[in-house]
Each structure stands twice: as C-alpha cells, then as structure tokens.
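Novice: The file below is model.txt, compact mmCIF, C-alpha atoms:
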# COMPACT_ATOMS: atom_id res chain seq x y z
CA MET A 26 9.60 30.13 70.88
CA VAL A 27 6.87 30.23 68.21
CA ASP A 28 7.98 31.59 64.87
CA ASN A 29 4.90 33.03 63.19
CA ASN A 30 6.56 33.30 59.81
CA ARG A 31 7.05 29.56 59.57
CA PHE A 32 4.57 27.57 57.52
CA ILE A 33 4.15 24.06 58.82
CA VAL A 34 3.03 21.30 56.44
CA SER A 35 1.57 18.23 58.04
CA HIS A 36 2.72 14.70 57.37
CA ALA A 37 0.84 12.02 55.49
CA PRO A 38 -1.74 10.46 55.44
CA PHE A 39 -3.49 12.63 52.88
CA ARG A 40 -6.86 11.84 51.39
CA HIS A 41 -6.73 9.94 48.09
CA ASP A 42 -9.16 11.23 45.48
CA GLY A 43 -9.60 7.82 43.90
CA SER A 44 -7.79 8.56 40.64
CA ARG A 45 -5.76 5.68 39.28
CA ILE A 46 -3.10 5.28 36.60
CA SER A 47 -5.30 2.71 34.89
CA THR A 48 -8.11 5.27 34.48
CA ARG A 49 -5.70 7.64 32.73
CA ASN A 50 -4.56 4.88 30.41
CA TYR A 51 -8.11 3.75 29.61
CA ASN A 52 -8.83 7.35 28.64
CA ILE A 53 -5.79 7.47 26.37
CA ALA A 54 -6.99 4.25 24.72
CA LEU A 55 -10.42 5.80 24.21
CA ALA A 56 -8.88 8.93 22.69
CA ALA A 57 -6.83 6.89 20.24
CA LEU A 58 -9.76 4.74 19.15
CA PRO A 59 -11.11 6.92 16.27
CA ALA A 60 -7.72 7.03 14.57
CA ILE A 61 -7.24 3.27 14.97
CA LEU A 62 -10.75 2.53 13.67
CA LEU A 63 -10.15 4.51 10.48
CA GLY A 64 -6.87 2.66 9.99
CA ILE A 65 -8.70 -0.64 10.34
CA ILE A 66 -11.40 0.49 7.89
CA TYR A 67 -8.74 1.31 5.32
CA TYR A 68 -6.27 -1.52 5.81
CA GLY A 69 -8.60 -4.28 7.04
CA MET A 70 -7.58 -7.38 8.93
CA PRO A 71 -3.80 -6.89 8.60
CA ALA A 72 -4.22 -3.67 10.63
CA VAL A 73 -6.27 -5.53 13.25
CA GLY A 74 -3.46 -8.08 13.42
CA VAL A 75 -0.75 -5.49 13.95
CA ILE A 76 -2.65 -3.54 16.64
CA SER A 77 -3.83 -6.68 18.49
CA LEU A 78 -0.44 -8.35 18.46
CA SER A 79 1.24 -5.11 19.48
CA ILE A 80 -0.99 -4.56 22.53
CA SER A 81 -0.91 -8.19 23.66
CA SER A 82 2.83 -8.68 23.18
CA ALA A 83 3.58 -5.44 25.07
CA ILE A 84 1.52 -6.69 28.03
CA ILE A 85 3.19 -10.11 27.83
CA TRP A 86 6.72 -8.61 27.74
CA GLU A 87 5.99 -6.59 30.87
CA PHE A 88 4.52 -9.67 32.55
CA ILE A 89 7.62 -11.74 31.66
CA PHE A 90 9.93 -8.98 32.94
CA CYS A 91 8.04 -8.67 36.23
CA ARG A 92 8.15 -12.44 36.73
CA ALA A 93 11.84 -12.63 35.81
CA THR A 94 12.80 -9.90 38.27
CA LYS A 95 10.43 -11.27 40.91
CA SER A 96 8.74 -7.90 41.27
CA SER A 97 5.00 -7.28 41.53
CA ILE A 98 3.04 -7.67 38.30
CA THR A 99 2.38 -4.14 37.01
CA ILE A 100 0.44 -4.87 33.83
CA GLY A 101 -2.80 -3.87 35.56
CA ASP A 102 -1.96 -0.17 35.29
CA GLY A 103 -2.54 -0.37 31.53
CA ASN A 104 0.72 1.34 30.63
CA ALA A 105 2.07 -1.65 28.72
CA ALA A 106 -1.17 -1.87 26.75
CA ILE A 107 -0.96 1.83 25.86
CA ILE A 108 2.67 1.44 24.76
CA GLY A 109 1.66 -1.46 22.54
CA MET A 110 -1.32 0.41 21.15
CA ILE A 111 0.57 3.58 20.22
CA LEU A 112 3.42 1.53 18.75
CA GLY A 113 0.91 -0.33 16.58
CA MET A 114 -0.60 2.96 15.42
CA LEU A 115 2.75 4.08 14.06
CA LEU A 116 3.50 0.89 12.13
CA PRO A 117 2.44 0.18 8.54
CA ALA A 118 -0.39 -2.36 8.27
CA THR A 119 1.94 -4.80 6.55
CA ALA A 120 4.45 -5.00 9.42
CA PRO A 121 5.44 -8.66 9.91
CA TRP A 122 4.61 -10.33 13.24
CA TRP A 123 8.24 -10.61 14.38
CA PHE A 124 8.73 -6.92 13.68
CA VAL A 125 5.83 -6.02 15.99
CA ILE A 126 7.14 -8.31 18.74
CA ILE A 127 10.67 -6.90 18.53
CA GLY A 128 9.13 -3.42 18.63
CA THR A 129 7.18 -4.08 21.82
CA PHE A 130 10.24 -5.76 23.38
CA VAL A 131 12.37 -2.68 22.75
CA ALA A 132 9.60 -0.36 23.96
CA VAL A 133 8.60 -2.18 27.14
CA ILE A 134 11.86 -3.77 28.26
CA ILE A 135 14.57 -1.44 26.92
CA GLY A 136 12.46 1.70 26.79
CA LYS A 137 10.79 1.38 30.18
CA GLN A 138 11.36 -1.59 32.49
CA ILE A 139 15.14 -1.50 32.77
CA TYR A 140 14.91 2.08 34.05
CA GLY A 141 12.59 0.95 36.83
CA GLY A 142 9.20 0.83 35.17
CA ILE A 143 6.47 3.39 34.80
CA GLY A 144 7.46 6.96 35.56
CA ALA A 145 11.18 6.23 35.54
CA ASN A 146 11.84 6.12 31.81
CA PRO A 147 13.91 9.06 30.52
CA PHE A 148 12.70 8.53 26.92
CA ASN A 149 9.28 7.82 25.56
CA PRO A 150 9.36 3.98 25.26
CA VAL A 151 7.36 3.95 22.01
CA VAL A 152 9.64 6.53 20.41
CA VAL A 153 12.74 4.54 21.41
CA ALA A 154 11.27 1.43 19.81
CA ILE A 155 10.23 3.18 16.61
CA ALA A 156 13.68 4.79 16.29
CA VAL A 157 15.35 1.39 16.65
CA LEU A 158 12.98 -0.27 14.16
CA MET A 159 13.20 2.61 11.69
CA ILE A 160 16.99 2.53 11.56
CA SER A 161 17.27 -1.26 11.57
CA TRP A 162 14.62 -2.13 8.98
CA LYS A 163 14.11 0.98 6.91
CA ASP A 164 12.38 -0.84 4.04
CA ILE A 165 9.55 -2.00 6.31
CA PHE A 166 9.13 1.62 7.40
CA ASP A 167 9.12 2.89 3.83
CA PHE A 168 5.37 3.40 3.58
CA ASN A 169 5.55 3.58 -0.22
CA GLU A 170 7.04 0.12 -0.34
CA ALA A 171 5.13 -1.39 2.57
CA LEU A 172 1.66 -0.42 1.32
CA ILE A 173 2.33 -1.22 -2.32
CA ASN A 174 -0.70 -3.47 -2.79
CA TYR A 175 -3.28 -1.12 -1.31
CA ASP A 176 -5.44 0.70 -3.78
CA PHE A 177 -7.65 3.56 -2.62
CA ASP A 178 -9.36 6.53 -4.19
CA PHE A 179 -6.52 8.80 -3.04
CA ALA A 180 -2.83 9.02 -3.89
CA MET A 181 -0.98 6.34 -1.94
CA VAL A 182 2.34 8.11 -2.01
CA TYR A 183 3.68 8.88 1.46
CA PRO A 184 3.47 12.71 1.47
CA LEU A 185 6.70 13.36 3.39
CA SER A 186 8.63 10.95 1.22
CA ALA A 187 7.32 12.64 -1.94
CA LEU A 188 8.24 16.00 -0.46
CA LYS A 189 11.76 14.93 0.47
CA HIS A 190 12.61 13.17 -2.80
CA PHE A 191 10.62 15.00 -5.44
CA GLY A 192 10.16 18.48 -4.03
CA VAL A 193 7.30 20.82 -3.24
CA SER A 194 5.50 20.32 -6.55
CA ALA A 195 5.02 16.62 -5.71
CA VAL A 196 2.83 17.44 -2.71
CA ASP A 197 0.68 20.11 -4.34
CA SER A 198 -2.11 17.59 -4.85
CA PHE A 199 -2.53 16.92 -1.11
CA SER A 200 -5.29 19.12 0.27
CA MET A 201 -5.65 19.91 3.95
CA GLY A 202 -9.12 18.32 4.02
CA ASP A 203 -7.87 15.03 2.62
CA LEU A 204 -4.95 14.92 5.03
CA LEU A 205 -7.26 15.59 7.98
CA MET A 206 -9.68 12.88 6.85
CA GLY A 207 -6.91 10.31 6.73
CA LYS A 208 -6.71 10.19 2.95
CA GLN A 209 -2.96 9.68 2.95
CA SER A 210 -0.53 6.85 3.20
CA GLY A 211 1.13 6.22 6.56
CA GLY A 212 0.97 4.29 9.82
CA ILE A 213 -2.26 2.50 10.81
CA GLY A 214 -3.34 5.07 13.39
CA SER A 215 -1.30 8.10 12.45
CA THR A 216 -3.06 9.38 9.34
CA PHE A 217 -6.55 10.36 10.58
CA GLY A 218 -5.75 13.95 11.56
CA LEU A 219 -9.24 14.89 12.70
CA GLY A 220 -9.51 11.79 14.90
CA LEU A 221 -6.13 12.47 16.48
CA ILE A 222 -7.00 16.12 17.14
CA ALA A 223 -10.35 15.13 18.68
CA GLY A 224 -8.60 12.53 20.85
CA GLY A 225 -5.97 15.07 21.86
CA ILE A 226 -8.54 17.69 22.84
CA TYR A 227 -10.39 15.06 24.89
CA LEU A 228 -7.18 14.20 26.74
CA ILE A 229 -6.42 17.88 27.33
CA ILE A 230 -9.90 18.51 28.74
CA ARG A 231 -9.59 15.47 31.02
CA GLY A 232 -6.24 16.82 32.23
CA ILE A 233 -4.33 13.75 31.07
CA ILE A 234 -1.98 15.49 28.68
CA ARG A 235 -0.70 19.06 28.88
CA TRP A 236 -1.94 21.51 26.25
CA GLU A 237 1.26 23.50 26.64
CA ILE A 238 3.33 20.69 25.09
CA ALA A 239 0.92 19.77 22.30
CA PHE A 240 0.26 23.35 21.22
CA SER A 241 3.83 24.57 21.46
CA PHE A 242 4.89 21.53 19.41
CA LEU A 243 2.38 22.37 16.68
CA ALA A 244 3.29 26.06 16.88
CA GLY A 245 6.97 25.17 16.61
CA ILE A 246 6.28 23.16 13.46
CA PHE A 247 4.05 25.89 12.00
CA ILE A 248 6.49 28.72 12.57
CA THR A 249 9.62 26.82 11.49
CA ALA A 250 7.92 25.48 8.35
CA LEU A 251 6.60 28.95 7.57
CA LEU A 252 10.06 30.50 7.94
CA PHE A 253 11.61 27.88 5.65
CA ASN A 254 8.78 28.38 3.18
CA MET A 255 9.21 32.15 3.20
CA THR A 256 12.93 31.91 2.49
CA ASP A 257 12.48 29.59 -0.51
CA SER A 258 8.98 28.43 -1.36
CA ALA A 259 10.26 26.39 -4.31
CA ARG A 260 12.37 24.19 -2.07
CA TYR A 261 10.48 24.08 1.20
CA ALA A 262 6.81 23.21 1.59
CA GLY A 263 4.41 25.35 3.60
CA PRO A 264 3.21 24.54 7.10
CA VAL A 265 0.06 22.61 6.08
CA ILE A 266 1.85 19.49 4.85
CA HIS A 267 4.18 19.54 7.87
CA LEU A 268 1.28 19.87 10.29
CA PHE A 269 -1.03 17.23 8.86
CA ALA A 270 1.23 14.59 7.28
CA GLY A 271 3.54 12.03 8.80
CA TYR A 272 3.67 11.56 12.57
CA THR A 273 3.02 15.23 13.45
CA LEU A 274 -0.42 14.95 15.05
CA ILE A 275 0.09 11.62 16.79
CA GLY A 276 3.40 13.07 17.98
CA ALA A 277 1.77 16.21 19.33
CA PHE A 278 -0.98 14.48 21.28
CA PHE A 279 0.28 10.97 22.03
CA LEU A 280 4.10 10.90 21.91
CA ALA A 281 5.60 14.20 23.03
CA THR A 282 3.17 14.45 25.94
CA GLU A 283 4.24 11.20 27.61
CA ASP A 284 4.42 11.85 31.36
CA SER A 285 7.84 10.87 32.56
CA SER A 286 9.85 12.00 29.54
CA SER A 287 8.38 15.52 29.28
CA PRO A 288 8.77 18.55 31.56
CA VAL A 289 6.25 19.58 34.22
CA ASN A 290 6.71 23.34 34.54
CA PHE A 291 5.12 25.92 32.28
CA ILE A 292 8.15 27.54 30.60
CA PRO A 293 10.02 24.22 30.21
CA MET A 294 6.93 22.66 28.60
CA LEU A 295 6.79 25.48 26.06
CA ILE A 296 10.49 25.18 25.26
CA TYR A 297 10.22 21.39 25.04
CA GLY A 298 7.25 21.51 22.67
CA ALA A 299 8.58 24.30 20.49
CA GLY A 300 12.02 22.69 20.35
CA THR A 301 10.50 19.39 19.24
CA GLY A 302 8.53 21.15 16.51
CA PHE A 303 11.58 23.11 15.38
CA LEU A 304 13.78 19.98 15.21
CA THR A 305 11.07 18.04 13.40
CA VAL A 306 10.92 20.51 10.52
CA LEU A 307 14.71 20.88 10.54
CA ILE A 308 15.16 17.11 10.11
CA ARG A 309 12.43 16.95 7.47
CA ASN A 310 13.74 19.88 5.45
CA ILE A 311 17.50 19.53 5.66
CA GLY A 312 18.13 16.21 7.40
CA VAL A 313 18.37 12.79 5.75
CA TYR A 314 15.28 11.25 7.35
CA VAL A 315 11.87 11.52 5.76
CA ASP A 316 10.04 12.21 9.02
CA GLY A 317 11.71 13.98 11.93
CA VAL A 318 9.10 13.61 14.68
CA ILE A 319 10.63 10.49 16.24
CA PHE A 320 14.19 11.80 16.44
CA ALA A 321 13.07 15.28 17.48
CA ILE A 322 11.16 13.85 20.45
CA LEU A 323 14.13 11.64 21.42
CA ILE A 324 16.48 14.62 21.40
CA MET A 325 14.10 16.76 23.44
CA ASN A 326 13.55 13.85 25.89
CA LEU A 327 17.31 14.04 26.41
CA VAL A 328 17.12 17.75 27.18
CA ASN A 329 14.06 17.36 29.41
CA PRO A 330 15.85 17.07 32.80
CA LEU A 331 17.82 20.23 32.02
CA LEU A 332 14.69 22.11 30.99
CA ASP A 333 12.98 21.19 34.23
CA LYS A 334 15.72 23.05 36.09
CA ILE A 335 13.92 26.21 35.05
CA ARG A 336 11.60 26.39 38.04
CA PRO A 337 9.09 28.87 39.26
CA LYS A 338 10.34 30.98 42.16
CA ALA A 339 9.56 29.28 45.44
CA ILE A 340 6.97 30.99 47.63
CA GLY A 341 8.39 32.13 50.97
CA ARG A 342 11.81 31.07 52.15
CA VAL A 343 13.42 28.27 54.05
CA ALA A 344 14.12 29.28 57.59
CA MET B 14 -11.50 -0.01 40.77
CA LYS B 15 -9.29 -2.36 42.74
CA SER B 16 -5.93 -3.49 41.46
CA ASN B 17 -7.09 -7.13 41.27
CA LYS B 18 -9.77 -6.19 38.81
CA GLU B 19 -7.28 -4.15 36.78
CA LEU B 20 -4.95 -7.12 36.63
CA GLN B 21 -7.77 -9.37 35.44
CA ILE B 22 -8.65 -6.89 32.69
CA ALA B 23 -5.01 -6.85 31.56
CA TYR B 24 -4.80 -10.67 31.48
CA VAL B 25 -8.05 -10.99 29.53
CA LEU B 26 -7.01 -8.22 27.12
CA ALA B 27 -3.61 -9.83 26.53
CA ILE B 28 -5.09 -13.27 25.83
CA ILE B 29 -7.96 -12.11 23.60
CA LEU B 30 -5.80 -9.76 21.57
CA LEU B 31 -3.08 -12.39 21.23
CA VAL B 32 -5.62 -14.81 19.75
CA VAL B 33 -7.07 -12.10 17.48
CA GLY B 34 -3.57 -11.07 16.42
CA VAL B 35 -2.38 -14.59 15.65
CA LEU B 36 -5.62 -15.34 13.76
CA SER B 37 -5.40 -12.14 11.72
CA TYR B 38 -1.82 -12.84 10.77
CA SER B 39 -2.40 -16.49 9.88
CA ALA B 40 -5.87 -16.41 8.29
CA PHE B 41 -6.02 -12.96 6.75
CA SER B 42 -2.50 -12.41 5.53
CA ALA B 43 -2.39 -9.65 2.94
CA LYS B 44 -2.87 -11.13 -0.49
CA THR B 45 -0.95 -9.92 -3.51
CA PRO B 46 -3.44 -8.81 -6.16
CA ASP B 47 -3.41 -10.59 -9.54
CA GLN B 48 -2.39 -7.42 -11.27
CA PRO B 49 0.10 -5.28 -9.37
CA VAL B 50 -1.12 -1.89 -8.14
CA ARG B 51 2.28 -0.34 -7.63
CA LEU B 52 5.77 -1.82 -7.93
CA MET B 53 8.94 -0.83 -6.16
CA PHE B 54 12.00 -1.38 -8.33
CA LYS B 55 15.08 -1.65 -6.18
CA CYS B 56 18.47 -0.76 -7.55
CA VAL B 57 21.76 0.79 -6.53
CA ALA B 58 20.78 4.21 -7.82
CA GLY B 59 17.79 4.49 -5.50
CA LYS B 60 14.38 2.84 -5.53
CA VAL B 61 11.80 3.64 -8.19
CA LEU B 62 8.10 3.53 -7.36
CA PHE B 63 6.20 2.51 -10.48
CA ASP B 64 2.44 3.02 -10.53
CA HIS B 65 1.41 -0.01 -12.58
CA LYS B 66 -2.30 0.67 -12.24
CA THR B 67 -2.11 4.23 -13.56
CA HIS B 68 -0.31 2.93 -16.65
CA THR B 69 -2.83 0.18 -17.39
CA ALA B 70 -6.16 1.59 -16.19
CA GLU B 71 -8.54 3.14 -18.68
CA SER B 72 -8.77 6.23 -16.50
CA GLY B 73 -4.96 6.39 -16.60
CA TYR B 74 -2.71 5.93 -19.65
CA SER B 75 -4.63 2.86 -20.81
CA ILE B 76 -1.56 1.05 -22.16
CA SER B 77 -2.23 -2.53 -23.24
CA CYS B 78 -0.28 -5.32 -21.53
CA SER B 79 1.64 -6.30 -24.65
CA ASP B 80 3.04 -2.79 -25.14
CA CYS B 81 5.47 -3.41 -22.30
CA HIS B 82 5.27 -7.18 -21.78
CA HIS B 83 6.57 -7.70 -25.33
CA ASN B 84 6.74 -11.49 -25.26
CA LEU B 85 3.03 -11.89 -24.63
CA GLU B 86 1.54 -14.48 -27.01
CA GLU B 87 -1.78 -13.85 -28.74
CA GLY B 88 -4.60 -14.64 -26.34
CA GLU B 89 -2.28 -14.98 -23.36
CA THR B 90 -3.54 -13.03 -20.38
CA LYS B 91 -0.89 -13.56 -17.73
CA PRO B 92 2.28 -11.74 -18.66
CA GLN B 93 5.58 -12.67 -17.08
CA ALA B 94 7.18 -10.31 -14.59
CA CYS B 95 9.99 -8.31 -16.22
CA GLY B 96 12.61 -9.59 -13.79
CA GLU B 97 12.04 -13.22 -14.78
CA CYS B 98 14.09 -12.77 -17.97
CA HIS B 99 15.81 -9.44 -17.43
CA GLU B 100 18.22 -10.26 -14.65
CA ALA B 101 20.20 -7.66 -12.75
CA LYS B 102 23.39 -8.81 -14.45
CA SER B 103 22.54 -10.63 -17.63
CA GLN B 104 24.93 -13.35 -18.86
CA ASP B 105 23.17 -13.52 -22.20
CA GLU B 106 24.36 -10.92 -24.72
CA ASP B 107 20.99 -10.70 -26.42
CA MET B 108 19.14 -10.18 -23.15
CA PRO B 109 19.35 -6.62 -21.81
CA ASN B 110 20.12 -6.15 -18.11
CA ARG B 111 17.18 -5.29 -15.92
CA SER B 112 18.25 -1.66 -15.57
CA ASP B 113 18.81 -1.26 -19.34
CA ALA B 114 15.46 -2.87 -20.10
CA PHE B 115 13.60 -0.62 -17.68
CA HIS B 116 15.46 2.50 -18.77
CA SER B 117 14.72 1.97 -22.44
CA GLN B 118 11.14 0.93 -21.75
CA CYS B 119 10.29 3.88 -19.50
CA ILE B 120 12.37 6.61 -21.13
CA ASP B 121 11.48 5.75 -24.76
CA CYS B 122 7.78 5.66 -24.05
CA HIS B 123 7.82 8.86 -22.00
CA LYS B 124 9.82 10.58 -24.74
CA GLU B 125 7.33 9.42 -27.34
CA GLY B 126 4.54 10.85 -25.28
CA GLY B 127 6.49 14.10 -25.00
CA ALA B 128 5.82 14.14 -21.29
CA GLY B 129 7.26 12.99 -18.12
CA PRO B 130 10.34 13.18 -16.00
CA GLU B 131 13.75 13.82 -17.51
CA LYS B 132 16.12 13.89 -14.56
CA CYS B 133 17.34 10.78 -12.70
CA ALA B 134 16.00 12.04 -9.38
CA SER B 135 12.51 12.45 -10.82
CA CYS B 136 12.07 8.67 -10.71
CA HIS B 137 14.88 7.38 -8.50
CA VAL B 138 14.58 8.10 -4.80
CA MET B 139 18.06 9.36 -4.07
Translate the structure of the given file into structure tokens.

Specialist:
Amino acid sequence: MVDNNRFIVSHAPFRHDGSRISTRNYNIALAALPAILLGIIYYGMPAVGVISLSISSAIIWEFIFCRATKSSITIGDGNAAIIGMILGMLLPATAPWWFVIIGTFVAVIIGKQIYGGIGANPFNPVVVAIAVLMISWKDIFDFNEALINYDFDFAMVYPLSALKHFGVSAVDSFSMGDLLMGKQSGGIGSTFGLGLIAGGIYLIIRGIIRWEIAFSFLAGIFITALLFNMTDSARYAGPVIHLFAGYTLIGAFFLATEDSSSPVNFIPMLIYGAGTGFLTVLIRNIGVYVDGVIFAILIMNLVNPLLDKIRPKAIGRVA
Amino acid sequence: MKSNKELQIAYVLAIILLVVGVLSYSAFSAKTPDQPVRLMFKCVAGKVLFDHKTHTAESGYSISCSDCHHNLEEGETKPQACGECHEAKSQDEDMPNRSDAFHSQCIDCHKEGGAGPEKCASCHVM
C-alpha cells in the first residue's frame, strides 16, 4: 500500500560540489595573513621564526602521529598548518623554539589526533595548547616581560595586564584607533584588530566561519563589560579595551569559531558565543588571569555538546 | 585539487618553513640592546616593570646615568647592572640588599620629585 504522507530520501551517491577541507584552510590562512604581517613588521625576524617553526612543527607532529599509528597521512588537508599558524599568532615573538614545539605537540597530538583527528576534537586544539603553555610557563606568556627589549612609538605595556594590576586609570591612554591598528603589546598575530576583523569578515562571507558565533561573542563581551562598567566605572574598564585588547578579536574570528568544538544550530551558537564573551569578561574582571579568552572558550567547548541538544523542531514526523 | 597535490604542498610547506624557522632562530636571535629599554625586577612581592628608557631619555625624565649608578667613575660609560653588587640577600653589612637598594633609590627620588606612586601595588604586580 502506498503511503502518500511518507517522504522518501534516496541513498547515496550524491553529487560532490568539489569543495575540499584544504580550500577552507587555505582561506583561513589568507584571512590571518594581514595580522601576521603586521606582527612581523613590528617584531622582525624573531616573529618569522616563531610562526614558521610553529606551522612546520605542527605539520611534522601530525605526520609523525599518522606514521606511528599506521593511518593515512592527513597533513594534506591543511588543518595541522592552520593549528600551527594560529598558535604562532598567539605567542609572543620571543617564545623560545622548544616552547613552540611543545605547543604544537600539545595542540596537534593531545588536542586533536588522540580524539581521532580532524572533526573529532571536543576542544579547540590551539586553545588547549595555549592553556597548557600559559599555566606551565607563565613568565614566557607575560607579554610585559617577554617583549622587554622592544621599543616602539607606543606604550609597550600589555593593556590587560595594566588593567588588572593597576586599574582603569592605567589604560586611559589606550585609544581605540591605536588598539585597532595594532599599536599594543601582545601576541605576534593577535594585536592588529583591523586586520583580524577584515579576515573575520572575509571568512564569514566565504561561509567558512559562522557570524552567529563571532558576533554573539563580541556582543557578550560588550554587554558584560558595559554592565560591569556601569556598576563601578572606577574599578571596571569600559567595553572598548575589552573588545580590542588581548585575545578578543582573534578569539572571536579564529578560535571560538573552530568547527568541531562549536555548535551548529542557531540558538546554541548564540548561547555559545555570548557565554564565551560573558566568561571572558568575568575572568578578566574578577578572576585571577589577565586574559580570559582562552579559558572561556575551553569552558564553552565543554558545554558545546549539551548546547547542541537544543535542536530545531523536525519537519514532518517519523512514521 | 587532488589529494596528492595537497600532500605535496604540505610537505613543501613543512620543509621550507622548518628551514626558515631554524634559520631565524639561529641567525637572527633577538639581541639585547646596549642600554636596556625596560627591566623586569623579580621579587617575592610581585614583579616590578621598570621603564629604563623613560627615566634616561631626554624626552622622559632625562636622569643622568650616575644619578642611579652611583659607582660610575668619571668618563666611564658602561655602568654596572644594579644586581651585580646588590644581591638578593647581602652578606656584607655595608652593602644594602637588592630590595632595600631599589626601594630607597626609587622611593627617595620619586618623593623628591613630589610625584609618583605611593602604594606597593602601584609598582609591584600583585
């Protein structure tokens, strides 16, 4: 008997539209390029060293892991290279070589491969690695100490560190324009706000990252920082410094949006982004860490599977 | 693009960047400038970031070397680092500890100038 209400979906094969993971990753690399270039202009060859070693060692770790487990070599998809690149962007230009190599080991092997490789990692591999490095060697991650010999025409005090230790008056001198133009101390590729925003918008237009996550993250930071600021403006800085200093922008466009550790549905994406922004400001304002982006993303990565349980109502019904 | 080509790109990228990375680290290691720009004093009470350049530069406080580096001989241009004599725990009674030396140096001068931080946490990162 034919049931007219039943909708029959055919089996594979379906037509492949030719898109490849590698193309997505090449686009991410392209989007990150302006921010990296400005970092190299400021910090010179040491920055080139960190970024180059980070990308190459990430690829090599994945290659070694694939050979060791006798699985097919997956470095061609470009994911290892992207992990290395983003990790390098977050490091200070003076990071020692062994520090970079340990970082890429944690990111690629512990952050990704042991879960089954690309798409199976519950946490953003780069964020896992940075969290481990940050807690283990906090002096190398103290940008004030790491970049002590660099002399530019702008204040080389890490804005979030000044804010945490010396209060709101210490960050009065940072203007939004300077922060956007990368005139601040920080990681190699995480200070050029305008470049990161441009890269992020490019990725959104190409459909590689989801605007819902990036924008709700920034909105979460803006609103939480504004609320703190309104309750006590002498103790808590306004939203501008929270939005444009530290890892905020690289977090919004390159870290929080990582595919397998972020939700896929509309409402969960908004909650995930806003929650990350909220936690970031909470950690910065009342936590012990100078920057909260890394730990906020890790916590929300943890919540991600639960958030994705909020699903749109299925169309039709199962017979 | 076929996966073979992708794999080749990854191999080439890994090798080239490894060479560039190793070269940058070995040949262009960050040099310490002759005169320090900033110094990070580490101590149990929290680190202190000292902006050496702002204190010495003409556009800054324009303090001469010998004002702080008090053992500088006439005509000598390379002062010793403070920590060379002022050790963390001095055995010599006539030689102040590093923390005492820094405290008196910084606080006295800032008091004289009638400006500057007064609370511990204004210098020490706590």

Novice: Each residue of chain B with at least one atom at most 8 Å from chain A should appear once, together with its nearest atom pair and the corresponding distance in Å (one decimal); atoms considered: all atoms listed in the file; ordering: chain, then increasing residue number; output as CSV.

Specialist:
residue,atom,partner,partner_atom,distance
B:Ser16,CA,A:Gly101,CA,6.7
B:Asn17,CA,A:Gly101,CA,7.9
B:Glu19,CA,A:Gly101,CA,4.7
B:Leu20,CA,A:Gly101,CA,4.0
B:Gln21,CA,A:Gly101,CA,7.4
B:Ile22,CA,A:Gly101,CA,7.2
B:Ala23,CA,A:Gly101,CA,5.5
B:Leu26,CA,A:Ser81,CA,7.0
B:Ala27,CA,A:Ser81,CA,4.3
B:Ile28,CA,A:Ser81,CA,6.9
B:Leu30,CA,A:Ser77,CA,4.8
B:Leu31,CA,A:Ser81,CA,5.3
B:Val33,CA,A:Ser77,CA,6.4
B:Gly34,CA,A:Gly74,CA,4.2
B:Val35,CA,A:Gly74,CA,7.0
B:Leu36,CA,A:Gly74,CA,7.6
B:Ser37,CA,A:Gly74,CA,4.8
B:Tyr38,CA,A:Gly74,CA,5.7
B:Phe41,CA,A:Met70,CA,6.2
B:Ser42,CA,A:Pro71,CA,6.4
B:Ala43,CA,A:Pro71,CA,6.5
B:Thr45,CA,A:Asn174,CA,6.5
B:Pro46,CA,A:Asn174,CA,6.9
B:Pro49,CA,A:Asn174,CA,6.9
B:Val50,CA,A:Asn174,CA,5.6
B:Arg51,CA,A:Ile173,CA,5.4
B:Leu52,CA,A:Ile173,CA,6.6
B:Met53,CA,A:Glu170,CA,6.2
B:Leu62,CA,A:Asn169,CA,7.6
B:Ala134,CA,A:Phe191,CA,7.3
B:Ser135,CA,A:Phe191,CA,6.2
B:Val138,CA,A:His190,CA,5.8
B:Met139,CA,A:His190,CA,6.8

Novice: Would you mind reading off the distance between CA of Asn52 in chain A and CA of Ile107 in chain A, one decimal, in Å?

Specialist: 10.0 Å

Novice: Record the distance separating CA of Asp47 in chain B and CA of His123 in chain B, expressed in Å with one decimal.

Specialist: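 Result for CA of Asp47 in chain B versus CA of His123 in chain B: 25.7 Å, one decimal.
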
Novice: Pick out the residues sitting within 10 Å of range 90-97 of chain B, and hand them over as a PyMOL selection string; count only C-alpha atoms, and ignore anything fewer than 4 positions along from it in its own chain.

Specialist: chain B and resi 47-48+54+78-79+81-86+101+110-112+114-115

Novice: What is the CA of Ala281 in chain A-CA of Met325 in chain A distance in Å, reported with one decimal?

Specialist: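 Result for CA of Ala281 in chain A versus CA of Met325 in chain A: 8.9 Å, one decimal.
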
Novice: Can you tell me, as a PyMOL selection string, what residues are no more than 9 Å from Ile322 in chain A when counting all atoms listed in the file, ignoring any on the same chain fewer than 6 positions away?

Specialist: chain A and resi 148-149+152+276+280-281+297-298+300-302+304-305

Novice: Determine, counting all atoms listed in the file, which protein, DNA and RNA residues have an atom within 7 Å of an atom of Ser285 in chain A; residues of the same chain fewer than 3 positions away are not included. Present the result as an MDAnalysis selection string.

Specialist: chainID A and resid 144:147

Novice: Could the residues in this selection be written to a file with C-alpha atoms, as a PDB file, in the frame of the given file?

Specialist:
ATOM      1  CA  GLY A 144       7.460   6.960  35.560  1.00  0.00           C
ATOM      2  CA  ALA A 145      11.180   6.230  35.540  1.00  0.00           C
ATOM      3  CA  ASN A 146      11.840   6.120  31.810  1.00  0.00           C
ATOM      4  CA  PRO A 147      13.910   9.060  30.520  1.00  0.00           C
TER       5      PRO A 147
END

Novice: May I have the residues within 12 Å of range 235-244 of chain A as JSON, numbers by chain, using only C-alpha atoms and disregarding those fewer than 6 positions away in the same chain?

Specialist: {"A": [221, 222, 225, 226, 227, 228, 229, 250, 251, 264, 265, 267, 268, 269, 272, 273, 274, 275, 276, 277, 278, 279, 280, 281, 282, 283, 284, 286, 287, 288, 289, 290, 291, 292, 293, 294, 295, 296, 297, 298, 299, 300, 301, 302, 303, 304, 305, 306, 318, 321, 322, 325]}

Novice: Skip Gly142 in chain A itself and residues of its chain fewer than 6 positions away, then list as a list of chain:residue names all residues within 10 Å of it, counting all atoms listed in the file.

Specialist: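 These residues fall inside the cut-off: A:Glu87, A:Cys91, A:Thr99, A:Asn104, A:Ala105, A:Val133, A:Ile134, A:Gly136.
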
Novice: Write the residues of the selection above to a file with C-alpha atoms, as a short mmCIF file (atom, residue, chain, number, x, y, z; two decimals), in the frame of the given file.

Specialist:
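Dumped everything to result.cif:
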data_model
loop_
_atom_site.label_atom_id
_atom_site.label_comp_id
_atom_site.auth_asym_id
_atom_site.auth_seq_id
_atom_site.Cartn_x
_atom_site.Cartn_y
_atom_site.Cartn_z
CA GLU A 87 5.99 -6.59 30.87
CA CYS A 91 8.04 -8.67 36.23
CA THR A 99 2.38 -4.14 37.01
CA ASN A 104 0.72 1.34 30.63
CA ALA A 105 2.07 -1.65 28.72
CA VAL A 133 8.60 -2.18 27.14
CA ILE A 134 11.86 -3.77 28.26
CA GLY A 136 12.46 1.70 26.79
#

Novice: Taking every listed atom of range 194-206 of chain A and adding 5 Å to each side, what centre and edge lengths in Å (one decimal) does the axis-aligned box have, as AutoDock Vina command-line options?

Specialist:
--center_x -2.1 --center_y 16.6 --center_z 0.7 --size_x 25.2 --size_y 17.4 --size_z 24.5

Novice: Counting only C-alpha atoms, which of A:Ile33, A:Ile213, A:Met201, A:Leu188 gets nearest to Ile311 in chain A?

Specialist: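 Going through A:Ile33, A:Ile213, A:Met201, A:Leu188 one by one, the smallest distance to Ile311 in chain A is for A:Leu188.
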